>>> print(open('input-v5.cif').read())   # mmCIF, C-alpha atoms
data_model
#
loop_
_atom_site.label_atom_id
_atom_site.label_comp_id
_atom_site.auth_asym_id
_atom_site.auth_seq_id
_atom_site.Cartn_x
_atom_site.Cartn_y
_atom_site.Cartn_z
CA MET W 822 0.00 0.00 0.00
CA LYS W 823 1.28 3.44 -0.93
CA ILE W 824 0.29 6.37 1.33
CA ARG W 825 1.02 9.92 0.20
CA THR W 826 0.40 13.35 1.70
CA GLY W 827 -0.15 16.65 -0.04
CA PHE W 828 -0.34 20.29 1.00
CA GLY W 829 -2.07 23.26 -0.60
CA TYR W 830 -2.06 27.02 -0.03
CA ASP W 831 -3.95 29.73 -1.90
CA VAL W 832 -5.00 33.35 -1.54
CA HIS W 833 -7.48 35.56 -3.35
CA GLN W 834 -8.20 39.27 -3.16
CA LEU W 835 -11.62 40.28 -1.87
CA ARG W 836 -13.63 42.79 -3.89
CA GLU W 837 -16.93 44.46 -3.12
CA GLY W 838 -19.92 43.26 -5.12
CA LEU W 839 -18.53 39.88 -6.23
CA PRO W 840 -20.20 36.60 -5.22
CA PHE W 841 -18.27 34.80 -2.48
CA TRP W 842 -17.81 31.11 -3.29
CA LEU W 843 -16.26 29.02 -0.54
CA GLY W 844 -16.23 25.25 -0.27
CA GLY W 845 -18.59 24.90 -3.21
CA ILE W 846 -21.33 27.12 -1.80
CA GLN W 847 -22.11 30.79 -2.13
CA VAL W 848 -21.63 32.49 1.23
CA PRO W 849 -23.59 35.72 1.76
CA HIS W 850 -21.18 38.63 2.06
CA THR W 851 -20.61 42.13 0.69
CA HIS W 852 -17.28 41.06 -0.82
CA GLY W 853 -16.27 38.10 -2.95
CA ALA W 854 -13.00 36.61 -4.08
CA LEU W 855 -11.41 37.81 -7.30
CA GLY W 856 -10.05 35.22 -9.71
CA HIS W 857 -10.13 33.75 -13.21
CA SER W 858 -12.54 31.00 -12.11
CA ASP W 859 -15.17 31.46 -9.38
CA ALA W 860 -12.17 31.99 -7.02
CA ASP W 861 -13.24 29.36 -4.48
CA VAL W 862 -10.07 29.42 -2.38
CA LEU W 863 -11.03 26.32 -0.36
CA ILE W 864 -11.59 24.13 -3.40
CA HIS W 865 -8.40 25.46 -4.96
CA VAL W 866 -6.23 24.43 -1.99
CA ILE W 867 -7.87 21.02 -1.86
CA CYS W 868 -7.15 20.56 -5.59
CA ASP W 869 -3.53 21.63 -5.11
CA ALA W 870 -3.05 19.35 -2.12
CA LEU W 871 -4.53 16.35 -3.96
CA LEU W 872 -2.51 17.03 -7.11
CA GLY W 873 0.65 17.47 -5.06
CA ALA W 874 0.09 14.23 -3.17
CA ALA W 875 -0.15 12.35 -6.47
CA ASN W 876 2.83 14.26 -7.94
CA LEU W 877 0.61 15.75 -10.66
CA ARG W 878 1.90 19.34 -10.43
CA ASP W 879 -0.62 22.03 -9.44
CA ILE W 880 -3.98 23.54 -10.27
CA GLY W 881 -2.45 26.23 -12.50
CA PHE W 882 -0.78 23.57 -14.62
CA HIS W 883 -4.04 21.70 -15.25
CA PHE W 884 -6.38 24.71 -15.41
CA PRO W 885 -4.31 27.74 -16.48
CA ASP W 886 -5.79 31.21 -16.00
CA THR W 887 -4.66 32.01 -19.55
CA ASP W 888 -7.19 29.51 -20.94
CA PRO W 889 -10.58 31.14 -21.63
CA GLN W 890 -12.45 27.87 -21.07
CA TYR W 891 -11.80 28.27 -17.32
CA LYS W 892 -13.03 31.88 -17.11
CA GLY W 893 -15.68 31.98 -14.40
CA ILE W 894 -15.77 28.17 -14.12
CA ASP W 895 -17.37 26.55 -11.10
CA SER W 896 -14.44 25.22 -9.06
CA LYS W 897 -16.45 22.09 -8.25
CA ARG W 898 -15.85 21.11 -11.89
CA LEU W 899 -12.11 21.51 -11.36
CA LEU W 900 -12.27 19.35 -8.24
CA THR W 901 -14.24 16.69 -10.12
CA GLU W 902 -11.47 16.56 -12.74
CA VAL W 903 -8.74 16.35 -10.07
CA VAL W 904 -10.53 13.43 -8.40
CA ARG W 905 -10.81 11.74 -11.83
CA LEU W 906 -7.03 12.15 -12.35
CA LEU W 907 -6.33 10.55 -8.97
CA THR W 908 -8.79 7.71 -9.59
CA GLU W 909 -7.15 6.98 -12.96
CA ARG W 910 -3.87 6.44 -11.10
CA GLY W 911 -5.46 4.17 -8.51
CA TYR W 912 -5.55 6.64 -5.62
CA THR W 913 -8.39 7.11 -3.15
CA ILE W 914 -8.79 10.04 -0.81
CA SER W 915 -8.36 9.08 2.82
CA ASN W 916 -8.93 12.47 4.43
CA ILE W 917 -8.66 16.23 4.02
CA ASP W 918 -7.82 18.78 6.70
CA SER W 919 -8.26 22.45 5.79
CA THR W 920 -8.18 25.90 7.34
CA ILE W 921 -9.73 29.09 5.97
CA CYS W 922 -8.22 32.40 7.13
CA LEU W 923 -10.78 35.17 6.96
CA GLU W 924 -11.89 38.05 9.17
CA ALA W 925 -15.46 38.19 7.84
CA PRO W 926 -17.97 36.73 7.27
CA LYS W 927 -18.17 34.05 9.94
CA VAL W 928 -17.56 30.73 8.21
CA ASN W 929 -18.47 28.27 10.98
CA PRO W 930 -22.24 28.28 10.30
CA HIS W 931 -21.55 27.23 6.69
CA ILE W 932 -19.09 24.40 7.35
CA PRO W 933 -21.60 21.51 7.44
CA GLU W 934 -23.00 22.53 4.03
CA MET W 935 -19.47 22.90 2.62
CA GLN W 936 -18.61 19.42 3.88
CA ARG W 937 -21.77 17.98 2.34
CA VAL W 938 -21.12 19.58 -1.06
CA LEU W 939 -17.42 18.67 -1.14
CA ALA W 940 -18.15 15.09 -0.05
CA GLU W 941 -20.67 14.74 -2.86
CA VAL W 942 -18.23 16.11 -5.45
CA MET W 943 -15.36 13.88 -4.29
CA GLY W 944 -17.41 10.80 -3.48
CA ILE W 945 -16.11 10.52 0.09
CA PRO W 946 -17.82 10.70 3.51
CA THR W 947 -18.27 14.11 5.15
CA ASP W 948 -16.39 12.69 8.15
CA ASP W 949 -13.26 12.60 5.97
CA ILE W 950 -13.36 16.37 5.35
CA SER W 951 -12.24 18.71 8.12
CA ILE W 952 -12.85 22.43 7.57
CA LYS W 953 -11.72 24.94 10.16
CA ALA W 954 -11.83 28.72 10.12
CA THR W 955 -9.70 31.31 11.83
CA THR W 956 -8.89 35.00 11.69
CA THR W 957 -5.44 36.55 11.67
CA GLU W 958 -6.27 38.81 14.60
CA LYS W 959 -6.47 41.82 12.26
CA LEU W 960 -2.89 41.27 11.03
CA GLY W 961 -1.79 41.28 7.38
CA PHE W 962 -3.92 41.36 4.23
CA VAL W 963 -6.43 38.93 5.76
CA GLY W 964 -6.69 41.05 8.90
CA ARG W 965 -7.27 44.18 6.82
CA ARG W 966 -10.04 42.27 4.97
CA GLU W 967 -8.23 42.63 1.65
CA GLY W 968 -8.16 38.91 0.95
CA VAL W 969 -8.83 35.36 2.00
CA ALA W 970 -6.28 32.56 2.45
CA ALA W 971 -6.67 28.83 2.88
CA TYR W 972 -4.51 25.79 3.62
CA ALA W 973 -5.17 22.10 3.14
CA SER W 974 -3.38 18.86 3.80
CA VAL W 975 -4.57 15.57 2.37
CA LEU W 976 -3.83 11.89 2.64
CA ILE W 977 -4.29 9.67 -0.41
CA VAL W 978 -3.86 5.91 -0.63
CA GLN W 979 -3.00 3.57 -3.46
CA PRO W 980 -3.65 -0.11 -2.54
#
>>> encode(input="input-v5.cif", output="structure tokens")
Amino acid sequence: MKIRTGFGYDVHQLREGLPFWLGGIQVPHTHGALGHSDADVLIHVICDALLGAANLRDIGFHFPDTDPQYKGIDSKRLLTEVVRLLTERGYTISNIDSTICLEAPKVNPHIPEMQRVLAEVMGIPTDDISIKATTTEKLGFVGRREGVAAYASVLIVQP
């Protein structure tokens, strides 16, 4: 049995008037993340961590922001493709641990729905997806509410 770990990190600027997609759901807020796709920072770090664990490079390699077909794309579609790439190579997802760094809005009330949506997309139990949220105590670009950051670590297994 082969066991591999992966790590992901991503940031996006926050801009007034944009929809805020996080963990596959739209979170009500005055600001949303800016990006080529829907800028779902949580899905992006999960994709990067999974791709890294399987030594398949990163999300920008597979879905470049220079390619118009990915403009405004739902990041759940990107995650579906990443899971397909892992499955093709015989990997299964064991678990995901993630942290969202954001001053506002409060993320905790939305975590169960994020887990449900992500579990459905990846075909794994919600119990295998940990999502945590924290602030940066008003420090840095996150603390000034200029952006959102996220981290993820994953464990994949190949029997």
>>> closest_atom_pairs(input="input-v5.cif", of="stretch 838-932 of chain W", to="stretch 953-964 of chain W", cutoff="8 Å", atoms="all atoms listed in the file", output="CSV")
residue,atom,partner,partner_atom,distance
W:Ser919,CA,W:Lys953,CA,6.1
W:Thr920,CA,W:Lys953,CA,4.6
W:Ile921,CA,W:Ala954,CA,4.7
W:Cys922,CA,W:Thr955,CA,5.0
W:Leu923,CA,W:Thr956,CA,5.1
W:Glu924,CA,W:Thr956,CA,5.0
W:Val928,CA,W:Ala954,CA,6.4
W:Asn929,CA,W:Ala954,CA,6.7
W:Ile932,CA,W:Lys953,CA,7.9
>>> write_last_selection(input="input-v5.cif", atoms="C-alpha atoms", output="CSV table (one decimal), in the coordinates of the input")
chain,number,residue,atom,x,y,z
W,919,SER,CA,-8.3,22.4,5.8
W,920,THR,CA,-8.2,25.9,7.3
W,921,ILE,CA,-9.7,29.1,6.0
W,922,CYS,CA,-8.2,32.4,7.1
W,923,LEU,CA,-10.8,35.2,7.0
W,924,GLU,CA,-11.9,38.0,9.2
W,928,VAL,CA,-17.6,30.7,8.2
W,929,ASN,CA,-18.5,28.3,11.0
W,932,ILE,CA,-19.1,24.4,7.4
>>> resolve_selection(input="input-v5.cif", expression="the PyMOL selection byres ((chain W and resi 834) around 8)", output="PyMOL selection string")
chain W and resi 832-833+835-836+854-856+967-969
>>> closest_residue(input="input-v5.cif", among="W:Asp831, W:Ala925, W:Leu843, W:Tyr912", to="W:Gly881", atoms="all atoms listed in the file")
W:Asp831
>>> closest_atom_pairs(input="input-v5.cif", of="stretch 822-872 of chain W", to="stretch 885-888 of chain W", cutoff="12 Å", atoms="only C-alpha atoms", output="CSV")
residue,atom,partner,partner_atom,distance
W:Gly856,CA,W:Asp886,CA,8.6
W:His857,CA,W:Asp886,CA,5.8
W:Ser858,CA,W:Asp886,CA,7.8
W:Asp859,CA,W:Asp886,CA,11.5
W:Ala860,CA,W:Asp886,CA,11.0
>>> atom_distance(input="input-v5.cif", atom1="atom CA of W:Asp861", atom2="atom CA of W:Gly845")
7.1 Å
>>> closest_residue(input="input-v5.cif", among="W:Pro946, W:Pro930, W:Gly829, W:Gly838", to="W:Val975", atoms="all atoms listed in the file")
W:Gly829
>>> closest_residue(input="input-v5.cif", among="W:Arg910, W:Ala970, W:Thr851, W:Trp842", to="W:Gly893", atoms="only C-alpha atoms")
W:Trp842
>>> resolve_selection(input="input-v5.cif", expression="the PyMOL selection byres ((chain W and resi 878) around 12)", output="PDB file with C-alpha atoms, in the coordinates of the input")
ATOM      1  CA  GLY W 827      -0.150  16.650  -0.040  1.00  0.00           C
ATOM      2  CA  PHE W 828      -0.340  20.290   1.000  1.00  0.00           C
ATOM      3  CA  GLY W 829      -2.070  23.260  -0.600  1.00  0.00           C
ATOM      4  CA  CYS W 868      -7.150  20.560  -5.590  1.00  0.00           C
ATOM      5  CA  ASP W 869      -3.530  21.630  -5.110  1.00  0.00           C
ATOM      6  CA  ALA W 870      -3.050  19.350  -2.120  1.00  0.00           C
ATOM      7  CA  LEU W 871      -4.530  16.350  -3.960  1.00  0.00           C
ATOM      8  CA  LEU W 872      -2.510  17.030  -7.110  1.00  0.00           C
ATOM      9  CA  GLY W 873       0.650  17.470  -5.060  1.00  0.00           C
ATOM     10  CA  ALA W 874       0.090  14.230  -3.170  1.00  0.00           C
ATOM     11  CA  ALA W 875      -0.150  12.350  -6.470  1.00  0.00           C
ATOM     12  CA  ASN W 876       2.830  14.260  -7.940  1.00  0.00           C
ATOM     13  CA  LEU W 877       0.610  15.750 -10.660  1.00  0.00           C
ATOM     14  CA  ASP W 879      -0.620  22.030  -9.440  1.00  0.00           C
ATOM     15  CA  ILE W 880      -3.980  23.540 -10.270  1.00  0.00           C
ATOM     16  CA  GLY W 881      -2.450  26.230 -12.500  1.00  0.00           C
ATOM     17  CA  PHE W 882      -0.780  23.570 -14.620  1.00  0.00           C
ATOM     18  CA  HIS W 883      -4.040  21.700 -15.250  1.00  0.00           C
ATOM     19  CA  PHE W 884      -6.380  24.710 -15.410  1.00  0.00           C
ATOM     20  CA  VAL W 903      -8.740  16.350 -10.070  1.00  0.00           C
ATOM     21  CA  LEU W 906      -7.030  12.150 -12.350  1.00  0.00           C
TER      22      LEU W 906
END
>>> closest_residue(input="input-v5.cif", among="W:Leu907, W:Ile914, W:Ile952, W:Leu900", to="W:Met935", atoms="only C-alpha atoms")
W:Ile952
>>> closest_residue(input="input-v5.cif", among="W:Asp949, W:Tyr830, W:Pro980, W:His931", to="W:Ser915", atoms="all atoms listed in the file")
W:Asp949
>>> closest_residue(input="input-v5.cif", among="W:Thr913, W:Thr901, W:Ser896, W:Gln890", to="W:Val978", atoms="all atoms listed in the file")
W:Thr913
>>> axis_aligned_box(input="input-v5.cif", around="stretch 908-920 of chain W", padding_each_side="5 Å", output="AutoDock Vina command-line options")
--center_x -6.4 --center_y 15.0 --center_z -2.8 --size_x 15.1 --size_y 31.7 --size_z 30.3
>>> atom_distance(input="input-v5.cif", atom1="atom CA of W:Ala940", atom2="atom CA of W:Arg966")
28.8 Å
>>> atom_distance(input="input-v5.cif", atom1="atom CA of W:Phe841", atom2="atom CA of W:Ala973")
19.1 Å
>>> build_atoms(input="input-v5.cif", residues="stretch 871-903 of chain W", atoms="N, CA and C atoms", output="PDB file, keeping the file's coordinate frame")
ATOM      1  N   LEU W 871      -4.325  17.665  -3.345  1.00  0.00           N
ATOM      2  CA  LEU W 871      -4.530  16.350  -3.960  1.00  0.00           C
ATOM      3  C   LEU W 871      -3.571  16.130  -5.127  1.00  0.00           C
ATOM      4  N   LEU W 872      -3.434  17.148  -5.978  1.00  0.00           N
ATOM      5  CA  LEU W 872      -2.510  17.030  -7.110  1.00  0.00           C
ATOM      6  C   LEU W 872      -1.080  16.844  -6.623  1.00  0.00           C
ATOM      7  N   GLY W 873      -0.693  17.590  -5.613  1.00  0.00           N
ATOM      8  CA  GLY W 873       0.650  17.470  -5.060  1.00  0.00           C
ATOM      9  C   GLY W 873       0.908  16.095  -4.473  1.00  0.00           C
ATOM     10  N   ALA W 874      -0.065  15.551  -3.769  1.00  0.00           N
ATOM     11  CA  ALA W 874       0.090  14.230  -3.170  1.00  0.00           C
ATOM     12  C   ALA W 874       0.340  13.166  -4.233  1.00  0.00           C
ATOM     13  N   ALA W 875      -0.302  13.318  -5.378  1.00  0.00           N
ATOM     14  CA  ALA W 875      -0.150  12.350  -6.470  1.00  0.00           C
ATOM     15  C   ALA W 875       0.993  12.720  -7.423  1.00  0.00           C
ATOM     16  N   ASN W 876       1.738  13.761  -7.098  1.00  0.00           N
ATOM     17  CA  ASN W 876       2.830  14.260  -7.940  1.00  0.00           C
ATOM     18  C   ASN W 876       2.334  14.616  -9.347  1.00  0.00           C
ATOM     19  N   LEU W 877       1.215  15.344  -9.391  1.00  0.00           N
ATOM     20  CA  LEU W 877       0.610  15.750 -10.660  1.00  0.00           C
ATOM     21  C   LEU W 877       0.666  17.263 -10.863  1.00  0.00           C
ATOM     22  N   ARG W 878       1.686  17.892 -10.299  1.00  0.00           N
ATOM     23  CA  ARG W 878       1.900  19.340 -10.430  1.00  0.00           C
ATOM     24  C   ARG W 878       0.853  20.119  -9.650  1.00  0.00           C
ATOM     25  N   ASP W 879       0.295  21.186 -10.219  1.00  0.00           N
ATOM     26  CA  ASP W 879      -0.620  22.030  -9.440  1.00  0.00           C
ATOM     27  C   ASP W 879      -1.823  22.438 -10.281  1.00  0.00           C
ATOM     28  N   ILE W 880      -2.731  23.146  -9.634  1.00  0.00           N
ATOM     29  CA  ILE W 880      -3.980  23.540 -10.270  1.00  0.00           C
ATOM     30  C   ILE W 880      -3.746  24.456 -11.472  1.00  0.00           C
ATOM     31  N   GLY W 881      -2.754  25.334 -11.389  1.00  0.00           N
ATOM     32  CA  GLY W 881      -2.450  26.230 -12.500  1.00  0.00           C
ATOM     33  C   GLY W 881      -1.928  25.493 -13.725  1.00  0.00           C
ATOM     34  N   PHE W 882      -1.267  24.377 -13.516  1.00  0.00           N
ATOM     35  CA  PHE W 882      -0.780  23.570 -14.620  1.00  0.00           C
ATOM     36  C   PHE W 882      -1.950  22.940 -15.381  1.00  0.00           C
ATOM     37  N   HIS W 883      -2.898  22.399 -14.639  1.00  0.00           N
ATOM     38  CA  HIS W 883      -4.040  21.700 -15.250  1.00  0.00           C
ATOM     39  C   HIS W 883      -5.121  22.644 -15.758  1.00  0.00           C
ATOM     40  N   PHE W 884      -5.293  23.768 -15.079  1.00  0.00           N
ATOM     41  CA  PHE W 884      -6.380  24.710 -15.410  1.00  0.00           C
ATOM     42  C   PHE W 884      -5.816  26.130 -15.463  1.00  0.00           C
ATOM     43  N   PRO W 885      -5.000  26.439 -16.453  1.00  0.00           N
ATOM     44  CA  PRO W 885      -4.310  27.740 -16.480  1.00  0.00           C
ATOM     45  C   PRO W 885      -5.273  28.922 -16.622  1.00  0.00           C
ATOM     46  N   ASP W 886      -4.938  30.014 -15.943  1.00  0.00           N
ATOM     47  CA  ASP W 886      -5.790  31.210 -16.000  1.00  0.00           C
ATOM     48  C   ASP W 886      -5.641  31.946 -17.328  1.00  0.00           C
ATOM     49  N   THR W 887      -4.794  31.445 -18.195  1.00  0.00           N
ATOM     50  CA  THR W 887      -4.660  32.010 -19.550  1.00  0.00           C
ATOM     51  C   THR W 887      -5.611  31.318 -20.534  1.00  0.00           C
ATOM     52  N   ASP W 888      -6.286  30.265 -20.081  1.00  0.00           N
ATOM     53  CA  ASP W 888      -7.190  29.510 -20.940  1.00  0.00           C
ATOM     54  C   ASP W 888      -8.621  30.014 -20.732  1.00  0.00           C
ATOM     55  N   PRO W 889      -9.237  30.572 -21.773  1.00  0.00           N
ATOM     56  CA  PRO W 889     -10.580  31.140 -21.630  1.00  0.00           C
ATOM     57  C   PRO W 889     -11.650  30.139 -21.222  1.00  0.00           C
ATOM     58  N   GLN W 890     -11.422  28.847 -21.451  1.00  0.00           N
ATOM     59  CA  GLN W 890     -12.450  27.870 -21.070  1.00  0.00           C
ATOM     60  C   GLN W 890     -12.647  27.794 -19.554  1.00  0.00           C
ATOM     61  N   TYR W 891     -11.683  28.297 -18.784  1.00  0.00           N
ATOM     62  CA  TYR W 891     -11.800  28.270 -17.320  1.00  0.00           C
ATOM     63  C   TYR W 891     -12.285  29.594 -16.735  1.00  0.00           C
ATOM     64  N   LYS W 892     -12.550  30.579 -17.589  1.00  0.00           N
ATOM     65  CA  LYS W 892     -13.030  31.880 -17.110  1.00  0.00           C
ATOM     66  C   LYS W 892     -14.381  31.703 -16.439  1.00  0.00           C
ATOM     67  N   GLY W 893     -14.443  32.046 -15.154  1.00  0.00           N
ATOM     68  CA  GLY W 893     -15.680  31.980 -14.400  1.00  0.00           C
ATOM     69  C   GLY W 893     -16.161  30.573 -14.067  1.00  0.00           C
ATOM     70  N   ILE W 894     -15.348  29.550 -14.328  1.00  0.00           N
ATOM     71  CA  ILE W 894     -15.770  28.170 -14.120  1.00  0.00           C
ATOM     72  C   ILE W 894     -16.064  27.876 -12.653  1.00  0.00           C
ATOM     73  N   ASP W 895     -17.038  27.034 -12.430  1.00  0.00           N
ATOM     74  CA  ASP W 895     -17.370  26.550 -11.100  1.00  0.00           C
ATOM     75  C   ASP W 895     -16.228  25.648 -10.639  1.00  0.00           C
ATOM     76  N   SER W 896     -15.596  25.982  -9.534  1.00  0.00           N
ATOM     77  CA  SER W 896     -14.440  25.220  -9.060  1.00  0.00           C
ATOM     78  C   SER W 896     -14.792  23.779  -8.707  1.00  0.00           C
ATOM     79  N   LYS W 897     -16.058  23.482  -8.487  1.00  0.00           N
ATOM     80  CA  LYS W 897     -16.450  22.090  -8.250  1.00  0.00           C
ATOM     81  C   LYS W 897     -16.140  21.242  -9.486  1.00  0.00           C
ATOM     82  N   ARG W 898     -16.214  21.835 -10.664  1.00  0.00           N
ATOM     83  CA  ARG W 898     -15.850  21.110 -11.890  1.00  0.00           C
ATOM     84  C   ARG W 898     -14.356  20.807 -11.925  1.00  0.00           C
ATOM     85  N   LEU W 899     -13.547  21.742 -11.434  1.00  0.00           N
ATOM     86  CA  LEU W 899     -12.110  21.510 -11.360  1.00  0.00           C
ATOM     87  C   LEU W 899     -11.805  20.374 -10.382  1.00  0.00           C
ATOM     88  N   LEU W 900     -12.471  20.390  -9.241  1.00  0.00           N
ATOM     89  CA  LEU W 900     -12.270  19.350  -8.240  1.00  0.00           C
ATOM     90  C   LEU W 900     -12.695  17.988  -8.772  1.00  0.00           C
ATOM     91  N   THR W 901     -13.785  17.945  -9.512  1.00  0.00           N
ATOM     92  CA  THR W 901     -14.240  16.690 -10.120  1.00  0.00           C
ATOM     93  C   THR W 901     -13.153  16.133 -11.039  1.00  0.00           C
ATOM     94  N   GLU W 902     -12.528  16.998 -11.826  1.00  0.00           N
ATOM     95  CA  GLU W 902     -11.470  16.560 -12.740  1.00  0.00           C
ATOM     96  C   GLU W 902     -10.241  16.093 -11.966  1.00  0.00           C
ATOM     97  N   VAL W 903      -9.888  16.765 -10.880  1.00  0.00           N
ATOM     98  CA  VAL W 903      -8.740  16.350 -10.070  1.00  0.00           C
ATOM     99  C   VAL W 903      -8.997  14.965  -9.473  1.00  0.00           C
TER     100      VAL W 903
END
